[in-house]
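Peer 1: Quick one: the structure is below, questions incoming.
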Amino acid sequence: MSNIHVTTTINGDSVEYLCAPEETLLDVLRDRLGMTGSKEGCGTGDCGACSVTVDGRLVCSCLMLGAEAEGREIATIEGMAAGEVLHPLQRKFLEHAALQCGICTPGILVAAKALLEKNPDPSEEETRYWLAGNLCRCTGYDKVIRAVMDAAAEMREAS
Amino acid sequence: MRYEAPQTVESAVSILSATPAGCHVLAGGTDLLVRMRAGMSEPEVIVDIKRIAGMHEISAEEGGWRIGAAVCGAELGEHEGVCAAWPGVVEALELIGSTQVQGRATLAGNLCNASPAADSVPAMVAAGAVARVAGPDGTRDVAVQDVPTDPGKTSLGRGEFVTSIFLPARPERASDAYLRFIPRTEMDIAVVGCGVNLELDADGTCTQARVALGAVGPKVILVEDAAAALAGSALDDAALERLAAACSQAASPIDDKRGTVAFRKHVAGVLARRAAIIARDRARGEA
């Protein structure tokens, strides 16, 4: 079967690729575009390690076909830092040691960024519910939540 | 496999009609892509309906709301008009999956996936929602409870797909609610689900009710006896007791790893009572 030609925008850059019809956006990102920041944990939308935003909406890239990205605006973990300057969420994750093995971290960062763009001042409960689709088997979540709350506070002060 | 993203309903219908057995509709994909990955579904053609005009729209119609088949849970939850009129339907859809899943999952997809445990379906049935179905012979309107027929099966014919869901006009002093039982607080499949939709008169007497149960039968159950138990009552304890008994009676669940028959029948009654109280308080403007 012939590949599909897709033109899309990823982290602000116009990108073109060919993909097979059944290929997920996650496979396209990792295997065709070399953007391996998004991880595959479960491949069935349960773990959130592959989180990206599509037209500003948080989704699992494993539950979307690469072909569906035509004309959309995709944002991945690779677009989060500004060059060498880490996003406040990334910095706070380091400060709070909110990761161990790190497989879940890109997805959690992308999800947390989407939360703070929608709600700059979330409660801890709102944050925990928002991130319920991002599984972490190392941290027990407390440090993750503290890092997100701390980053949110810093971003509110800065704005 | 072939991927098609038609821009018109007619073109989608013609692709679906040409490959009836091997053609799958893609809206949010939160069920289809999982089934494909598990090898449970091997479509020859996928028809992505998200490029068709109107599929992402929520529009006011005859006092009610028409919700396009590609409107996701997050979009529905951000729509003030639908949230005000049909909070039970919105809360049912929003219970499905994570924030990420909410960015994709749709009412129409939840309906057509035909899982007996689909959360939004009992809420839509209680609401009296109607699915608009496009097919080779044009469009037809089907009551939502008549779309699923068995686990994984729908009444849709060759070449047909759901283009929108219509939630009817909401009278004064009326509201709805949906509750489900799961053994944790988030991200799970309903062991029992219950949608209740009520109308009150100026004195607070219930004039009309619709009650639907999920996950306690091969498809959603519209419980007529439960509606009869509430209609004409002041929604007092005695009426709620009759409602609970009718729901426990109507539930015909199976034993499985998520719950026993006896537990599910009992919980069907408990949830119905609690959902009725929430719907009543909303209808009174107290919640």
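Ligands are numbered from 1 in the order shown, chains are lettered A, B, ... in the order of the structure tokens, and residues start at 1 in each chain.
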Quick check: residues of chain A within 9 Å of chain B, only C-alpha atoms, returned as an MDAnalysis selection string.

Peer 2: chainID A and resid 1:2 4 20:22 24 43:46 48 51:54 57:60 62:65 67:68 111 129:134

Peer 1: Mind the document's chain letters and residue numbers, and return as a list of chain:residue names the residues of chain A that DSSP labels strand (DSSP E).

Peer 2: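 Strand (DSSP E) assignments inside chain A correspond to A:Ile4, A:His5, A:Val6, A:Thr7, A:Thr8, A:Thr9, A:Ile10, A:Asp13, A:Ser14, A:Val15, A:Glu16, A:Tyr17, A:Leu18, A:Cys19, A:Ser51, A:Val52, A:Thr53, A:Val54, A:Arg57, A:Leu58, A:Val59, A:Cys60, A:Glu73, A:Ile74, A:Ala75.
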
Peer 1: Report as a PyMOL selection string all protein, DNA and RNA residues lying within 7 Å of Glu91 in chain B, evaluated on only C-alpha atoms, omitting residues in the same chain fewer than 4 positions from it.

Peer 2: chain B and resi 87+95+178

Peer 1: With a distance cut-off of 10 Å and only C-alpha atoms, select the neighbouring residues of Asp281 in chain B, excluding the residue or stretch itself and same-chain residues fewer than 3 positions from it, and output the selection as a PyMOL selection string.

Peer 2: chain B and resi 173-177+275-278+284-287

Peer 1: Residues of the last selection are to be written out with C-alpha atoms, as a CSV table (one decimal), in the first residue's frame.

Peer 2:
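As written to disk, selection13.csv reads:
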chain,number,residue,atom,x,y,z
B,173,ARG,CA,-37.3,23.0,36.1
B,174,ALA,CA,-35.7,20.0,34.5
B,175,SER,CA,-32.2,18.4,34.6
B,176,ASP,CA,-30.2,15.2,34.5
B,177,ALA,CA,-27.4,13.4,36.1
B,275,ALA,CA,-28.5,10.3,40.4
B,276,ALA,CA,-32.2,11.1,40.8
B,277,ILE,CA,-31.4,13.3,43.9
B,278,ILE,CA,-28.6,15.1,41.9
B,284,ARG,CA,-34.7,22.9,41.4
B,285,GLY,CA,-31.7,25.2,40.8
B,286,GLU,CA,-30.1,24.0,44.0
B,287,ALA,CA,-27.0,22.4,42.6

Peer 1: What is the CA of Glu78 in chain B to CA of Thr127 in chain A distance in Å?

Peer 2: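 Separating CA of Glu78 in chain B from CA of Thr127 in chain A is a distance of 17.7 Å.
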
Peer 1: I'd like to know which residues of range 22-124 of chain B are helix (DSSP H, G or I) (by DSSP, run on the backbone); could you write them as a compact mmCIF listing (two decimals) with C-alpha atoms, in the first residue's frame?

Peer 2:
# COMPACT_ATOMS: atom_id res chain seq x y z
CA LEU B 32 -10.56 1.83 17.06
CA LEU B 33 -6.80 2.35 17.31
CA VAL B 34 -6.64 0.24 20.47
CA ARG B 35 -8.56 -2.58 18.75
CA MET B 36 -6.31 -2.34 15.69
CA ARG B 37 -3.22 -2.56 17.84
CA ILE B 49 -14.90 11.80 9.31
CA LYS B 50 -13.15 14.76 10.97
CA ARG B 51 -12.62 16.64 7.68
CA GLY B 73 -15.29 15.44 25.41
CA ALA B 74 -13.08 18.43 26.18
CA GLU B 75 -14.96 20.57 23.63
CA LEU B 76 -18.36 19.51 24.96
CA GLY B 77 -17.24 20.25 28.52
CA GLU B 80 -21.64 26.56 28.39
CA GLY B 81 -24.98 26.03 26.65
CA VAL B 82 -24.79 22.23 26.59
CA CYS B 83 -23.36 22.09 30.13
CA ALA B 84 -26.28 24.19 31.40
CA ALA B 85 -28.95 22.17 29.59
CA PRO B 87 -25.06 18.42 32.74
CA GLY B 88 -25.68 14.68 33.08
CA VAL B 89 -24.71 13.95 29.48
CA VAL B 90 -21.61 16.14 29.76
CA GLU B 91 -20.47 14.57 33.04
CA ALA B 92 -20.99 11.09 31.59
CA LEU B 93 -18.81 11.80 28.54
CA GLU B 94 -16.21 13.53 30.71
CA THR B 99 -7.45 14.31 29.82
CA GLN B 100 -5.67 12.94 26.74
CA VAL B 101 -8.59 10.67 25.84
CA GLN B 102 -10.98 13.59 26.39
CA LEU B 107 -20.36 10.90 22.01
CA ALA B 108 -20.99 9.33 18.61
CA GLY B 109 -17.93 7.09 18.94
CA ASN B 110 -18.88 5.96 22.42
CA LEU B 111 -22.32 5.08 21.05
CA CYS B 112 -21.13 3.25 17.95
CA ASN B 113 -18.39 1.33 19.78
CA SER B 120 -22.25 8.46 27.86
CA VAL B 121 -24.90 6.11 26.45
CA PRO B 122 -27.18 5.73 29.51
CA ALA B 123 -26.99 9.50 29.96
CA MET B 124 -27.94 10.08 26.30

Peer 1: List the spatial neighbours of range 150-156 of chain A as a list in words - criterion: any atom at most 7 Å away, only C-alpha atoms, same-chain residues fewer than 4 positions off excluded.

Peer 2: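 Skipping anything fewer than 4 positions along the chain leaves Pro88, Leu89, Lys92, Leu116, Pro120, Asp121 and Arg146 of chain A.
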
Peer 1: In Å to one decimal, how far is CA of Gly269 in chain B from CA of Ala117 in chain B?

Peer 2: 16.5 Å

Peer 1: From the set A:Lys143, A:His5, A:Arg137, A:Arg30, which residue has the shortest atom-to-atom contact distance to Gly71 in chain A, counting only C-alpha atoms?

Peer 2: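 With only C-alpha atoms as the atom set, the closest residue is A:His5.
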
Peer 1: Find the residue from A:Gly140, A:Gly41, A:Gly12, A:Gly66 that sits nearest to Leu29 in chain A; use only C-alpha atoms when measuring.

Peer 2: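 Result for the nearest residue to Leu29 in chain A: A:Gly66.
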
Peer 1: Pick from A:Glu70, A:Glu117, A:Ala98, A:Ser38: nearest to Val6 in chain A, with only C-alpha atoms counted?

Peer 2: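 Among the listed residues, the smallest separation from Val6 in chain A belongs to A:Glu70.
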
Peer 1: Just want the 12 Å neighbourhood of Gly79 in chain A, counted on only C-alpha atoms, with same-chain residues fewer than 5 positions away dropped. Output as a ChimeraX atom specification.

Peer 2: /A:9-13,35,37-38,52-53,74,84-87,90,106,109-110,113

Peer 1: So which residues touch Ala131 in chain B within 7 Å, counting only C-alpha atoms, skipping near sequence neighbours fewer than 3 positions away, as a PyMOL selection string?

Peer 2: chain B and resi 141-144+162+164-166

Peer 1: Suppose you want the space between CA of Gly204 in chain B and CA of Ala234 in chain B; what is it in Å?

Peer 2: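 Taking CA of Gly204 in chain B and CA of Ala234 in chain B, their separation equals 6.2 Å.
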